Amino acid sequence: MAVGDSTSVNLFKALTSALHVAAPGRRVILTDADNFPTDLYVAQGLNSLLGDRYELRRVPAADVATHLTDEVAVVMLTEVDYRTGERLDMAGLTAQACARGVLTIWDLAHSAGAFEVDLTGAGADFAVGCGYKYLNGGPGAPGYLYVARRHLDTRVALSGWMGHADPFEMARDYVPARDARRFVVGTPMVLSLSALDTALDVFADVDLAELRAKSLGLTDTFMSLLSGDPDLTLVTPWTMPGAAVRSASVTRRRRKPCGGWSNAA
């Protein structure tokens, strides 16, 4: 795990490395059609830099599994939909991708801190996320980049001095660090890192399973109360109390006085 830079910058680094280690001849980057915009922008920008060699294929989240074909190099997904709070099956989709030789990149912006995330157990290849949401790092908190151990020797797109094996040697040739620090680029924002470090101390004695149970109990109650209002329609999935198909947020749609609907979280 490397901490630093923004989620977007880290996604650029992760996607570049993933495409480098992907099986030759695969020219599709698969993603959710409604993925968070910056994720789509990063993929579009990188593809442009690479001479438009790849196709960014956007499909409904429910159809991702059926599009994991032999032409897909990487599948890039956000575990929790930022609009609805719907949670994808990370372990299941990663296993299906792995079976087809497809690398996975997960965006955990709305996951980490809200419930337990087991990237190693799921077999994920790369993951990115931010420190300012459920991790409580505050505005400007740095993002993070996860790289599975099997990919630690992959090429990095941005080779800065803090990713050097010995940054204070001031060597003129780049030699990457042997661990995830190779994905760190420049001097970190020390004040932001310190704030995030202090925020993470709160989690030292927190049982994420208990936190998750409490979260589901509160949102179950809230959605139950909303369900009787004819002017409100729930957008967040609510199949059963304690269902694993949602995160910690609830989105509803309200009927406008002049007609139509508006969304609010």
# chains A, B, ... in the order shown; residues from 1 in each chain; ligands from 1

call {"tool": "select_by_dssp", "arguments": {"residues": "range 149-256 of chain A", "states": "alpha helix (DSSP H)", "output": "ChimeraX atom specification"}}
result
/A:190-201,208-226

call {"tool": "residues_around", "arguments": {"residues": "Glu71 in chain A", "least_positions_apart": "4", "cutoff": "10 Å", "atoms": "only C-alpha atoms", "output": "short mmCIF file (atom, residue, chain, number, x, y, z; two decimals) with N, CA and C atoms, in the first residue's frame"}}
result
data_model
loop_
_atom_site.label_atom_id
_atom_site.label_comp_id
_atom_site.auth_asym_id
_atom_site.auth_seq_id
_atom_site.Cartn_x
_atom_site.Cartn_y
_atom_site.Cartn_z
N ALA A 23 -2.26 -9.43 -20.41
CA ALA A 23 -1.90 -10.35 -21.48
C ALA A 23 -1.82 -9.61 -22.82
N PRO A 24 -0.81 -9.91 -23.63
CA PRO A 24 -0.65 -9.23 -24.93
C PRO A 24 -1.87 -9.42 -25.82
N GLY A 25 -2.18 -8.38 -26.57
CA GLY A 25 -3.27 -8.47 -27.52
C GLY A 25 -4.63 -8.09 -26.98
N ARG A 26 -4.74 -7.93 -25.68
CA ARG A 26 -6.02 -7.54 -25.11
C ARG A 26 -6.13 -6.01 -25.17
N ARG A 27 -7.19 -5.50 -25.74
CA ARG A 27 -7.28 -4.08 -26.02
C ARG A 27 -8.56 -3.43 -25.50
N VAL A 28 -9.17 -4.03 -24.47
CA VAL A 28 -10.40 -3.45 -23.90
C VAL A 28 -10.21 -3.16 -22.42
N ILE A 29 -10.60 -1.95 -22.02
CA ILE A 29 -10.69 -1.58 -20.61
C ILE A 29 -12.18 -1.58 -20.29
N LEU A 30 -12.61 -2.50 -19.46
CA LEU A 30 -14.03 -2.66 -19.14
C LEU A 30 -14.37 -1.90 -17.87
N HIS A 67 -19.44 -9.54 -19.70
CA HIS A 67 -18.54 -8.89 -20.66
C HIS A 67 -17.07 -9.17 -20.37
N ARG A 100 -10.85 -15.44 -16.28
CA ARG A 100 -10.76 -15.10 -17.70
C ARG A 100 -9.45 -14.37 -18.02
N GLY A 101 -8.54 -14.29 -17.06
CA GLY A 101 -7.25 -13.64 -17.30
C GLY A 101 -7.34 -12.12 -17.33
N VAL A 102 -8.36 -11.56 -16.69
CA VAL A 102 -8.58 -10.11 -16.68
C VAL A 102 -8.09 -9.53 -15.37
#

call {"tool": "residues_around", "arguments": {"residues": "range 171-174 of chain A", "least_positions_apart": "3", "cutoff": "8 Å", "atoms": "only C-alpha atoms", "output": "list in words"}}
result
Ser159, Trp161, His164 and Pro167 of chain A

call {"tool": "residues_around", "arguments": {"residues": "Leu56 in chain A", "least_positions_apart": "6", "cutoff": "10 Å", "atoms": "only C-alpha atoms", "output": "list in words"}}
result
Arg27, Val28, Ile29, Leu30, Thr31, Ala33, Leu40, Ala43, Gln44, Asn47, Val72, Val74, Val75 and Met76 of chain A

call {"tool": "write_last_selection", "arguments": {"atoms": "all heavy atoms", "output": "JSON list (two decimals), in the first residue's frame"}}
result
[["chain", "number", "residue", "atom", "x", "y", "z"],
["A", 27, "ARG", "N", -7.19, -5.50, -25.74],
["A", 27, "ARG", "CA", -7.28, -4.08, -26.02],
["A", 27, "ARG", "C", -8.56, -3.43, -25.50],
["A", 27, "ARG", "O", -8.98, -2.40, -26.01],
["A", 27, "ARG", "CB", -7.18, -3.85, -27.55],
["A", 27, "ARG", "CG", -5.80, -4.10, -28.12],
["A", 27, "ARG", "CD", -4.82, -3.02, -27.66],
["A", 27, "ARG", "NE", -3.47, -3.19, -28.19],
["A", 27, "ARG", "CZ", -2.49, -3.73, -27.50],
["A", 27, "ARG", "NH1", -2.71, -4.18, -26.27],
["A", 27, "ARG", "NH2", -1.29, -3.85, -28.03],
["A", 28, "VAL", "N", -9.17, -4.03, -24.47],
["A", 28, "VAL", "CA", -10.40, -3.45, -23.90],
["A", 28, "VAL", "C", -10.21, -3.16, -22.42],
["A", 28, "VAL", "O", -9.71, -4.00, -21.66],
["A", 28, "VAL", "CB", -11.60, -4.41, -24.09],
["A", 28, "VAL", "CG1", -12.83, -3.89, -23.34],
["A", 28, "VAL", "CG2", -11.92, -4.57, -25.57],
["A", 29, "ILE", "N", -10.60, -1.95, -22.02],
["A", 29, "ILE", "CA", -10.69, -1.58, -20.61],
["A", 29, "ILE", "C", -12.18, -1.58, -20.29],
["A", 29, "ILE", "O", -12.94, -0.77, -20.81],
["A", 29, "ILE", "CB", -10.09, -0.18, -20.35],
["A", 29, "ILE", "CG1", -8.62, -0.13, -20.77],
["A", 29, "ILE", "CG2", -10.25, 0.20, -18.88],
["A", 29, "ILE", "CD1", -8.03, 1.28, -20.78],
["A", 30, "LEU", "N", -12.61, -2.50, -19.46],
["A", 30, "LEU", "CA", -14.03, -2.66, -19.14],
["A", 30, "LEU", "C", -14.37, -1.90, -17.87],
["A", 30, "LEU", "O", -13.61, -1.93, -16.89],
["A", 30, "LEU", "CB", -14.35, -4.15, -18.96],
["A", 30, "LEU", "CG", -15.80, -4.52, -18.67],
["A", 30, "LEU", "CD1", -16.70, -4.18, -19.86],
["A", 30, "LEU", "CD2", -15.90, -6.02, -18.33],
["A", 31, "THR", "N", -15.50, -1.20, -17.88],
["A", 31, "THR", "CA", -15.89, -0.45, -16.69],
["A", 31, "THR", "C", -17.40, -0.31, -16.63],
["A", 31, "THR", "O", -18.12, -0.55, -17.62],
["A", 31, "THR", "CB", -15.23, 0.94, -16.68],
["A", 31, "THR", "OG1", -15.45, 1.56, -15.41],
["A", 31, "THR", "CG2", -15.79, 1.83, -17.78],
["A", 33, "ALA", "N", -20.74, 1.63, -16.75],
["A", 33, "ALA", "CA", -21.14, 2.80, -17.54],
["A", 33, "ALA", "C", -21.39, 4.02, -16.67],
["A", 33, "ALA", "O", -21.22, 5.16, -17.13],
["A", 33, "ALA", "CB", -22.41, 2.47, -18.34],
["A", 40, "LEU", "N", -13.52, 7.51, -15.31],
["A", 40, "LEU", "CA", -13.69, 7.44, -16.76],
["A", 40, "LEU", "C", -12.75, 8.41, -17.45],
["A", 40, "LEU", "O", -12.14, 8.08, -18.48],
["A", 40, "LEU", "CB", -15.14, 7.75, -17.13],
["A", 40, "LEU", "CG", -16.21, 6.84, -16.50],
["A", 40, "LEU", "CD1", -17.60, 7.32, -16.89],
["A", 40, "LEU", "CD2", -16.00, 5.40, -16.93],
["A", 43, "ALA", "N", -9.16, 7.07, -17.57],
["A", 43, "ALA", "CA", -9.01, 6.01, -18.58],
["A", 43, "ALA", "C", -9.00, 6.61, -19.98],
["A", 43, "ALA", "O", -8.20, 6.19, -20.84],
["A", 43, "ALA", "CB", -10.14, 4.99, -18.43],
["A", 44, "GLN", "N", -9.86, 7.59, -20.23],
["A", 44, "GLN", "CA", -9.90, 8.23, -21.55],
["A", 44, "GLN", "C", -8.59, 8.97, -21.83],
["A", 44, "GLN", "O", -8.04, 8.88, -22.94],
["A", 44, "GLN", "CB", -11.08, 9.20, -21.60],
["A", 44, "GLN", "CG", -12.44, 8.52, -21.60],
["A", 44, "GLN", "CD", -13.58, 9.48, -21.30],
["A", 44, "GLN", "OE1", -13.36, 10.69, -21.16],
["A", 44, "GLN", "NE2", -14.79, 8.96, -21.20],
["A", 47, "ASN", "N", -5.70, 6.47, -22.42],
["A", 47, "ASN", "CA", -5.83, 5.85, -23.73],
["A", 47, "ASN", "C", -5.39, 6.80, -24.84],
["A", 47, "ASN", "O", -4.76, 6.40, -25.82],
["A", 47, "ASN", "CB", -7.27, 5.40, -23.96],
["A", 47, "ASN", "CG", -7.42, 4.56, -25.22],
["A", 47, "ASN", "OD1", -6.53, 3.80, -25.59],
["A", 47, "ASN", "ND2", -8.55, 4.70, -25.88],
["A", 72, "VAL", "N", -10.62, -8.49, -23.03],
["A", 72, "VAL", "CA", -10.54, -7.49, -21.95],
["A", 72, "VAL", "C", -9.20, -7.61, -21.23],
["A", 72, "VAL", "O", -8.82, -8.69, -20.77],
["A", 72, "VAL", "CB", -11.70, -7.67, -20.95],
["A", 72, "VAL", "CG1", -11.56, -6.66, -19.81],
["A", 72, "VAL", "CG2", -13.04, -7.48, -21.66],
["A", 74, "VAL", "N", -8.29, -5.18, -18.66],
["A", 74, "VAL", "CA", -8.49, -4.71, -17.29],
["A", 74, "VAL", "C", -9.98, -4.40, -17.09],
["A", 74, "VAL", "O", -10.62, -3.85, -17.97],
["A", 74, "VAL", "CB", -7.68, -3.42, -17.01],
["A", 74, "VAL", "CG1", -7.92, -2.93, -15.58],
["A", 74, "VAL", "CG2", -6.20, -3.65, -17.25],
["A", 75, "VAL", "N", -10.49, -4.74, -15.90],
["A", 75, "VAL", "CA", -11.82, -4.28, -15.52],
["A", 75, "VAL", "C", -11.63, -3.30, -14.36],
["A", 75, "VAL", "O", -10.94, -3.58, -13.38],
["A", 75, "VAL", "CB", -12.76, -5.44, -15.13],
["A", 75, "VAL", "CG1", -12.21, -6.26, -13.96],
["A", 75, "VAL", "CG2", -14.15, -4.92, -14.81],
["A", 76, "MET", "N", -12.22, -2.14, -14.50],
["A", 76, "MET", "CA", -12.03, -1.03, -13.58],
["A", 76, "MET", "C", -13.38, -0.67, -12.97],
["A", 76, "MET", "O", -14.28, -0.19, -13.67],
["A", 76, "MET", "CB", -11.45, 0.16, -14.36],
["A", 76, "MET", "CG", -11.15, 1.39, -13.57],
["A", 76, "MET", "SD", -10.48, 2.71, -14.64],
["A", 76, "MET", "CE", -11.97, 3.15, -15.58]]

call {"tool": "atom_distance", "arguments": {"atom1": "CA of Leu193 in chain A", "atom2": "CA of Gly143 in chain A"}}
result
9.7 Å

call {"tool": "residues_around", "arguments": {"residues": "Val128 in chain A", "least_positions_apart": "5", "cutoff": "8 Å", "atoms": "only C-alpha atoms", "output": "ChimeraX atom specification"}}
result
/A:7,10-11,14,105-109,143-146
